[in-house]
$ cat entry.cif   # mmCIF, C-alpha atoms
data_entry
#
loop_
_atom_site.label_atom_id
_atom_site.label_comp_id
_atom_site.auth_asym_id
_atom_site.auth_seq_id
_atom_site.Cartn_x
_atom_site.Cartn_y
_atom_site.Cartn_z
CA MET A 1 -10.17 17.81 -19.51
CA GLU A 2 -8.03 19.62 -22.10
CA LEU A 3 -4.50 18.35 -22.73
CA PHE A 4 -1.82 20.34 -20.85
CA SER A 5 -4.42 22.61 -19.27
CA ALA A 6 -4.06 23.67 -15.65
CA ALA A 7 -6.60 21.04 -14.60
CA TRP A 8 -4.77 18.35 -16.62
CA LEU A 9 -1.39 19.27 -15.15
CA SER A 10 -2.74 19.38 -11.59
CA ALA A 11 -4.32 15.94 -12.09
CA LEU A 12 -1.02 14.61 -13.45
CA LEU A 13 0.85 16.01 -10.43
CA ALA A 14 -1.65 14.32 -8.11
CA ILE A 15 -1.13 10.99 -9.91
CA VAL A 16 2.66 11.30 -9.65
CA LEU A 17 2.38 11.97 -5.90
CA ILE A 18 0.04 8.99 -5.48
CA ASP A 19 2.51 6.75 -7.31
CA LEU A 20 5.44 8.00 -5.21
CA VAL A 21 3.56 7.37 -1.96
CA LEU A 22 1.90 4.06 -2.79
CA ALA A 23 4.47 2.41 -5.09
CA GLY A 24 6.73 1.93 -2.07
CA ASP A 25 4.66 -1.05 -0.91
CA ASN A 26 5.03 -2.68 -4.31
CA ALA A 27 8.80 -2.13 -4.30
CA ILE A 28 9.04 -3.70 -0.84
CA VAL A 29 7.07 -6.83 -1.70
CA ILE A 30 8.97 -7.36 -4.96
CA ALA A 31 12.33 -6.98 -3.21
CA LEU A 32 11.41 -9.26 -0.30
CA ALA A 33 9.96 -11.91 -2.62
CA ALA A 34 13.10 -11.92 -4.79
CA ARG A 35 15.73 -11.74 -2.06
CA LYS A 36 16.36 -15.50 -1.82
CA LEU A 37 16.73 -16.04 -5.56
CA PRO A 38 20.16 -16.53 -7.17
CA SER A 39 21.67 -13.17 -8.15
CA HIS A 40 21.18 -13.82 -11.87
CA LEU A 41 17.43 -14.28 -11.31
CA GLN A 42 16.88 -11.30 -9.01
CA THR A 43 16.99 -8.70 -11.80
CA ARG A 44 14.71 -10.88 -13.91
CA ALA A 45 12.24 -11.26 -11.03
CA ILE A 46 12.21 -7.50 -10.40
CA ALA A 47 11.63 -6.75 -14.10
CA TRP A 48 8.92 -9.34 -14.67
CA GLY A 49 7.42 -8.74 -11.24
CA THR A 50 7.01 -5.08 -12.17
CA VAL A 51 5.47 -6.04 -15.53
CA GLY A 52 3.06 -8.36 -13.74
CA ALA A 53 2.22 -5.63 -11.24
CA ILE A 54 1.48 -3.14 -14.03
CA VAL A 55 -0.67 -5.65 -15.94
CA VAL A 56 -2.67 -6.43 -12.80
CA ARG A 57 -3.04 -2.74 -11.99
CA THR A 58 -4.11 -1.89 -15.55
CA ALA A 59 -6.83 -4.56 -15.45
CA MET A 60 -8.00 -3.27 -12.08
CA THR A 61 -8.03 0.34 -13.31
CA VAL A 62 -10.18 -0.59 -16.30
CA GLY A 63 -12.67 -2.25 -13.96
CA VAL A 64 -12.47 0.31 -11.17
CA VAL A 65 -16.15 1.29 -11.36
CA TRP A 66 -17.14 -2.35 -11.01
CA LEU A 67 -14.63 -2.86 -8.20
CA LEU A 68 -16.17 -0.02 -6.22
CA GLN A 69 -19.48 -1.91 -6.18
CA ILE A 70 -18.03 -5.03 -4.55
CA PRO A 71 -18.90 -5.09 -0.83
CA GLY A 72 -16.10 -6.28 1.40
CA LEU A 73 -13.35 -5.76 -1.22
CA MET A 74 -11.05 -3.78 1.08
CA LEU A 75 -11.57 -6.24 3.94
CA VAL A 76 -10.75 -9.31 1.84
CA GLY A 77 -7.74 -7.58 0.28
CA GLY A 78 -6.45 -6.49 3.69
CA LEU A 79 -6.75 -9.98 5.19
CA GLY A 80 -5.03 -11.47 2.15
CA LEU A 81 -2.19 -8.97 2.49
CA VAL A 82 -1.74 -9.96 6.15
CA TRP A 83 -1.05 -13.52 4.98
CA ILE A 84 1.37 -12.30 2.29
CA ALA A 85 3.29 -10.23 4.88
CA PHE A 86 3.54 -13.26 7.18
CA LYS A 87 4.70 -15.57 4.37
CA LEU A 88 7.50 -13.14 3.49
CA LEU A 89 8.91 -13.77 6.99
CA ALA A 90 8.03 -17.44 7.46
CA PRO A 91 10.19 -20.18 5.88
CA GLU A 92 8.79 -22.26 3.04
CA ALA A 93 7.12 -25.45 4.27
CA SER A 94 9.00 -27.56 1.74
CA GLY A 95 12.68 -27.31 0.97
CA SER A 96 15.88 -27.62 2.92
CA SER A 97 16.50 -23.93 3.62
CA HIS A 98 15.33 -22.34 6.84
CA GLU A 99 15.42 -18.89 5.29
CA PRO A 100 12.02 -17.25 4.58
CA GLY A 101 10.97 -16.15 1.12
CA ALA A 102 10.52 -17.82 -2.26
CA THR A 103 13.54 -19.71 -3.59
CA THR A 104 12.32 -20.17 -7.17
CA PHE A 105 11.60 -17.60 -9.87
CA TRP A 106 7.96 -18.64 -10.29
CA GLY A 107 7.46 -18.80 -6.53
CA ALA A 108 8.64 -15.19 -6.28
CA MET A 109 6.45 -14.16 -9.22
CA LYS A 110 3.37 -15.74 -7.62
CA THR A 111 3.98 -13.83 -4.39
CA ILE A 112 4.58 -10.55 -6.26
CA VAL A 113 1.49 -10.72 -8.47
CA ILE A 114 -0.89 -11.83 -5.70
CA ALA A 115 0.41 -9.21 -3.29
CA ASP A 116 0.17 -6.45 -5.89
CA ALA A 117 -3.39 -7.43 -6.75
CA LEU A 118 -4.26 -7.09 -3.05
CA MET A 119 -2.30 -3.88 -2.48
CA GLY A 120 -3.21 -2.22 -5.78
CA VAL A 121 -6.73 -1.25 -4.70
CA ASP A 122 -5.63 1.97 -2.99
CA ASN A 123 -3.40 2.96 -5.91
CA VAL A 124 -6.01 2.16 -8.56
CA LEU A 125 -8.76 4.07 -6.80
CA GLY A 126 -6.44 7.01 -6.14
CA VAL A 127 -5.19 7.26 -9.72
CA ALA A 128 -8.65 6.76 -11.21
CA GLY A 129 -10.06 9.43 -8.93
CA ALA A 130 -7.28 11.92 -9.71
CA ALA A 131 -7.63 11.28 -13.47
CA LYS A 132 -11.38 12.06 -13.33
CA GLY A 133 -12.17 9.64 -16.14
CA ASN A 134 -9.29 10.73 -18.42
CA ILE A 135 -7.90 7.46 -19.80
CA GLY A 136 -4.76 9.20 -21.08
CA LEU A 137 -3.87 10.32 -17.56
CA VAL A 138 -4.51 6.83 -16.22
CA VAL A 139 -2.09 5.38 -18.79
CA ILE A 140 0.53 8.03 -17.97
CA GLY A 141 0.13 7.25 -14.27
CA LEU A 142 0.74 3.56 -14.92
CA LEU A 143 3.84 4.32 -17.02
CA ILE A 144 5.23 6.61 -14.32
CA SER A 145 4.84 3.88 -11.70
CA VAL A 146 7.12 1.47 -13.64
CA PRO A 147 10.50 3.19 -13.03
CA ILE A 148 9.46 4.04 -9.47
CA VAL A 149 8.76 0.39 -8.64
CA VAL A 150 11.85 -0.96 -10.49
CA TRP A 151 14.23 1.53 -8.86
CA GLY A 152 12.62 1.12 -5.47
CA SER A 153 12.76 -2.69 -5.65
CA THR A 154 16.45 -2.65 -6.57
CA LEU A 155 17.26 -0.27 -3.71
CA VAL A 156 15.27 -2.26 -1.14
CA LEU A 157 16.84 -5.53 -2.30
CA LYS A 158 20.35 -4.13 -1.76
CA LEU A 159 19.40 -2.90 1.71
CA VAL A 160 17.82 -6.26 2.63
CA GLU A 161 20.98 -8.11 1.60
CA ARG A 162 23.04 -5.84 3.86
CA PHE A 163 20.68 -5.37 6.80
CA ALA A 164 18.54 -8.40 7.74
CA PHE A 165 16.23 -6.40 10.02
CA ILE A 166 14.85 -4.56 6.98
CA THR A 167 12.94 -7.73 6.11
CA TYR A 168 10.90 -7.25 9.28
CA LEU A 169 10.56 -3.54 8.62
CA GLY A 170 9.21 -4.28 5.15
CA ALA A 171 6.76 -6.87 6.46
CA GLY A 172 5.63 -4.32 9.04
CA VAL A 173 4.91 -1.79 6.28
CA LEU A 174 2.82 -4.38 4.43
CA ALA A 175 0.95 -5.20 7.65
CA TYR A 176 0.25 -1.48 8.14
CA THR A 177 -1.10 -1.29 4.59
CA ALA A 178 -3.32 -4.30 5.30
CA ALA A 179 -4.65 -2.66 8.47
CA HIS A 180 -5.38 0.56 6.55
CA MET A 181 -7.37 -1.40 3.97
CA ILE A 182 -9.36 -3.21 6.66
CA VAL A 183 -10.30 -0.09 8.64
CA SER A 184 -11.25 1.63 5.33
CA GLU A 185 -13.81 -1.08 4.48
CA PRO A 186 -17.25 0.64 4.20
CA LEU A 187 -18.95 -2.43 5.65
CA LEU A 188 -17.06 -1.82 8.90
CA ASP A 189 -17.73 1.93 9.17
CA GLU A 190 -19.94 1.45 12.23
CA LEU A 191 -17.07 -0.30 14.01
CA PHE A 192 -14.14 1.94 13.08
CA ASP A 193 -15.57 5.41 12.40
CA PRO A 194 -16.73 6.28 15.95
CA SER A 195 -13.37 5.60 17.58
CA ILE A 196 -9.85 6.50 16.55
CA ALA A 197 -8.60 4.23 19.35
CA ILE A 198 -10.05 1.15 17.63
CA ARG A 199 -8.33 2.11 14.37
CA VAL A 200 -4.99 2.58 16.13
CA ALA A 201 -5.40 -0.68 18.05
CA THR A 202 -6.19 -2.56 14.82
CA HIS A 203 -3.03 -1.23 13.17
CA ALA A 204 -0.91 -2.07 16.22
CA LEU A 205 -2.34 -5.57 16.66
CA LEU A 206 -1.92 -6.54 13.00
CA ILE A 207 1.66 -5.23 12.79
CA ALA A 208 2.66 -6.92 16.06
CA GLY A 209 0.82 -10.10 15.09
CA VAL A 210 2.50 -10.41 11.68
CA LEU A 211 5.98 -9.69 13.02
CA GLY A 212 5.52 -11.94 16.06
CA ALA A 213 4.08 -14.85 14.05
CA GLY A 214 6.78 -14.49 11.39
CA TRP A 215 9.55 -14.49 14.01
CA TRP A 216 7.98 -17.49 15.77
CA ALA A 217 7.73 -19.50 12.53
CA ALA A 218 11.31 -18.69 11.53
CA ARG A 219 12.63 -19.48 15.02
CA ARG A 220 10.74 -22.78 15.21
CA SER A 221 12.02 -23.80 11.77
CA SER A 222 15.64 -22.94 12.58
CA THR A 223 15.66 -24.76 15.93
CA GLY A 224 13.46 -27.66 14.87
CA ARG A 225 11.23 -27.17 17.90
CA THR A 226 8.81 -24.71 19.44
CA PRO A 227 10.76 -21.95 21.26
CA GLU A 228 10.28 -21.65 24.98
CA PRO A 229 8.14 -18.73 26.13
CA VAL A 230 10.06 -15.81 27.59
#

$ encode --input "entry.cif" --output "structure tokens"
Amino acid sequence: MELFSAAWLSALLAIVLIDLVLAGDNAIVIALAARKLPSHLQTRAIAWGTVGAIVVRTAMTVGVVWLLQIPGLMLVGGLGLVWIAFKLLAPEASGSSHEPGATTFWGAMKTIVIADALMGVDNVLGVAGAAKGNIGLVVIGLLISVPIVVWGSTLVLKLVERFAFITYLGAGVLAYTAAHMIVSEPLLDELFDPSIAIRVATHALLIAGVLGAGWWAARRSSTGRTPEPV
């Protein structure tokens, strides 16, 4: 693919669009993971969380051909992301605060890097496919994603601090992403391909399950007892 040719430019445009669409999940998880840190650590967590996300994504992009050969990759990643989404709502097991989310810099970093490794599959495969083997385009795509994630994380963090319900909205987006990964698993094609209804039900159940379980855990922690059924 010749540099600055029509094919090169169209591939670059596709990569930019992929980054714009898929980097939102990364911005959400970084913002939610950093929201309980002291203000002087939030910027640091966003910056280093983005660096960690890019490093993880670069390593995954390099090994994308190998990744494609792993059966069950999308299923495992989706299930792992369900847990991450729940943990962003549920309070920490240890510590005096009842508020959910990591309260230390390294705790936030762990959540960010693990979540990005799980979520990055779609982005990596999309960018690698759009680049058609052109390593230069892959590198450009990774560089473009940096300011998108940093700006998006900062914006989401400000919104979360002002509107508490956005935490649940963000966790719902992550749960949706997890459901999309699960229904896209080739090993489960026989289950999901014949029926759109099963796909829709899977998305709905995972989103409702994550939000309901996160609310329950937060409520139980704040009251010190199991809430009464309504």

$ resolve_selection --input "entry.cif" --expression "the PyMOL selection byres ((chain A and resi 176-179) around 7)" --output "number ranges by chain"
A: 78-79, 81-82, 172-175, 180-183, 202-203, 206-207

$ write_last_selection --input "entry.cif" --atoms "C-alpha atoms" --output "PDB file, keeping the file's coordinate frame"
ATOM      1  CA  GLY A  78      -6.450  -6.490   3.690  1.00  0.00           C
ATOM      2  CA  LEU A  79      -6.750  -9.980   5.190  1.00  0.00           C
ATOM      3  CA  LEU A  81      -2.190  -8.970   2.490  1.00  0.00           C
ATOM      4  CA  VAL A  82      -1.740  -9.960   6.150  1.00  0.00           C
ATOM      5  CA  GLY A 172       5.630  -4.320   9.040  1.00  0.00           C
ATOM      6  CA  VAL A 173       4.910  -1.790   6.280  1.00  0.00           C
ATOM      7  CA  LEU A 174       2.820  -4.380   4.430  1.00  0.00           C
ATOM      8  CA  ALA A 175       0.950  -5.200   7.650  1.00  0.00           C
ATOM      9  CA  HIS A 180      -5.380   0.560   6.550  1.00  0.00           C
ATOM     10  CA  MET A 181      -7.370  -1.400   3.970  1.00  0.00           C
ATOM     11  CA  ILE A 182      -9.360  -3.210   6.660  1.00  0.00           C
ATOM     12  CA  VAL A 183     -10.300  -0.090   8.640  1.00  0.00           C
ATOM     13  CA  THR A 202      -6.190  -2.560  14.820  1.00  0.00           C
ATOM     14  CA  HIS A 203      -3.030  -1.230  13.170  1.00  0.00           C
ATOM     15  CA  LEU A 206      -1.920  -6.540  13.000  1.00  0.00           C
ATOM     16  CA  ILE A 207       1.660  -5.230  12.790  1.00  0.00           C
TER      17      ILE A 207
END

$ residues_around --input "entry.cif" --residues "Leu187 (chain A)" --least-positions-apart "4" --cutoff "9 Å" --atoms "all atoms listed in the file" --output "NGL selection string"
:A and (71-72 or 75 or 191)

$ atom_distance --input "entry.cif" --atom1 "CA of Leu41 (chain A)" --atom2 "CA of Phe105 (chain A)"
6.9 Å

$ atom_distance --input "entry.cif" --atom1 "CA of Leu13 (chain A)" --atom2 "CA of Val29 (chain A)"
25.2 Å

$ atom_distance --input "entry.cif" --atom1 "CA of Ile70 (chain A)" --atom2 "CA of Leu137 (chain A)"
24.6 Å

$ residues_around --input "entry.cif" --residues "Ala117 (chain A)" --least-positions-apart "5" --cutoff "9 Å" --atoms "only C-alpha atoms" --output "list of chain:residue names"
A:Ala53, A:Val56, A:Arg57, A:Met60, A:Gly77, A:Ile112

$ write_last_selection --input "entry.cif" --atoms "C-alpha atoms" --output "PDB file, in the coordinates of the input"
ATOM      1  CA  ALA A  53       2.220  -5.630 -11.240  1.00  0.00           C
ATOM      2  CA  VAL A  56      -2.670  -6.430 -12.800  1.00  0.00           C
ATOM      3  CA  ARG A  57      -3.040  -2.740 -11.990  1.00  0.00           C
ATOM      4  CA  MET A  60      -8.000  -3.270 -12.080  1.00  0.00           C
ATOM      5  CA  GLY A  77      -7.740  -7.580   0.280  1.00  0.00           C
ATOM      6  CA  ILE A 112       4.580 -10.550  -6.260  1.00  0.00           C
TER       7      ILE A 112
END

$ residues_around --input "entry.cif" --residues "Thr111 (chain A)" --least-positions-apart "6" --cutoff "9 Å" --atoms "all atoms listed in the file" --output "JSON, numbers by chain"
{"A": [29, 30, 33, 84, 87, 88, 102]}

$ resolve_selection --input "entry.cif" --expression "the PyMOL selection byres ((chain A and resi 47) around 12)" --output "PyMOL selection string"
chain A and resi 27+30-31+34+41-46+48-54+105+108-109+112+146-154

$ axis_aligned_box --input "entry.cif" --around "region 160-168 of chain A" --padding-each-side "5 Å" --output "AutoDock Vina command-line options"
--center_x 17.0 --center_y -6.5 --center_z 5.8 --size_x 22.1 --size_y 13.8 --size_z 18.4

$ closest_residue --input "entry.cif" --among "A:Leu143, A:Leu32, A:Leu37, A:Leu9" --to "Ala115 (chain A)" --atoms "only C-alpha atoms"
A:Leu32

$ closest_residue --input "entry.cif" --among "A:Arg35, A:Lys158, A:Arg199, A:His40" --to "Leu89 (chain A)" --atoms "only C-alpha atoms"
A:Arg35

$ closest_residue --input "entry.cif" --among "A:Ala201, A:Val76, A:Ile144, A:Ile28" --to "Leu169 (chain A)" --atoms "all atoms listed in the file"
A:Ile28

$ closest_residue --input "entry.cif" --among "A:Ala14, A:Trp106, A:Lys36, A:Gly214" --to "Val160 (chain A)" --atoms "all atoms listed in the file"
A:Lys36

$ resolve_selection --input "entry.cif" --expression "the PyMOL selection byres ((chain A and resi 141) around 8)" --output "PyMOL selection string"
chain A and resi 12+15-16+19+127+137-140+142-145

$ build_atoms --input "entry.cif" --residues "region 186-198 of chain A" --atoms "N, CA and C atoms" --output "compact mmCIF listing (two decimals), in the frame of the given file"
# COMPACT_ATOMS: atom_id res chain seq x y z
N PRO A 186 -15.96 0.00 3.88
CA PRO A 186 -17.25 0.64 4.20
C PRO A 186 -18.18 -0.23 5.04
N LEU A 187 -18.09 -1.55 4.88
CA LEU A 187 -18.95 -2.43 5.65
C LEU A 187 -18.66 -2.35 7.15
N LEU A 188 -17.46 -1.87 7.50
CA LEU A 188 -17.06 -1.82 8.90
C LEU A 188 -17.06 -0.39 9.45
N ASP A 189 -17.71 0.53 8.73
CA ASP A 189 -17.73 1.93 9.17
C ASP A 189 -18.30 2.09 10.58
N GLU A 190 -19.33 1.32 10.91
CA GLU A 190 -19.94 1.45 12.23
C GLU A 190 -18.99 1.03 13.34
N LEU A 191 -18.04 0.15 13.01
CA LEU A 191 -17.07 -0.30 14.01
C LEU A 191 -15.92 0.68 14.16
N PHE A 192 -15.38 1.16 13.04
CA PHE A 192 -14.14 1.94 13.08
C PHE A 192 -14.35 3.45 13.11
N ASP A 193 -15.41 3.96 12.49
CA ASP A 193 -15.57 5.41 12.40
C ASP A 193 -15.74 6.11 13.75
N PRO A 194 -16.51 5.53 14.69
CA PRO A 194 -16.73 6.28 15.95
C PRO A 194 -15.49 6.44 16.81
N SER A 195 -14.49 5.60 16.63
CA SER A 195 -13.37 5.60 17.58
C SER A 195 -12.02 5.50 16.87
N ILE A 196 -11.21 6.54 17.08
CA ILE A 196 -9.85 6.50 16.55
C ILE A 196 -9.04 5.43 17.27
N ALA A 197 -9.34 5.21 18.55
CA ALA A 197 -8.60 4.23 19.35
C ALA A 197 -8.70 2.83 18.74
N ILE A 198 -9.88 2.47 18.24
CA ILE A 198 -10.05 1.15 17.63
C ILE A 198 -9.22 1.04 16.36
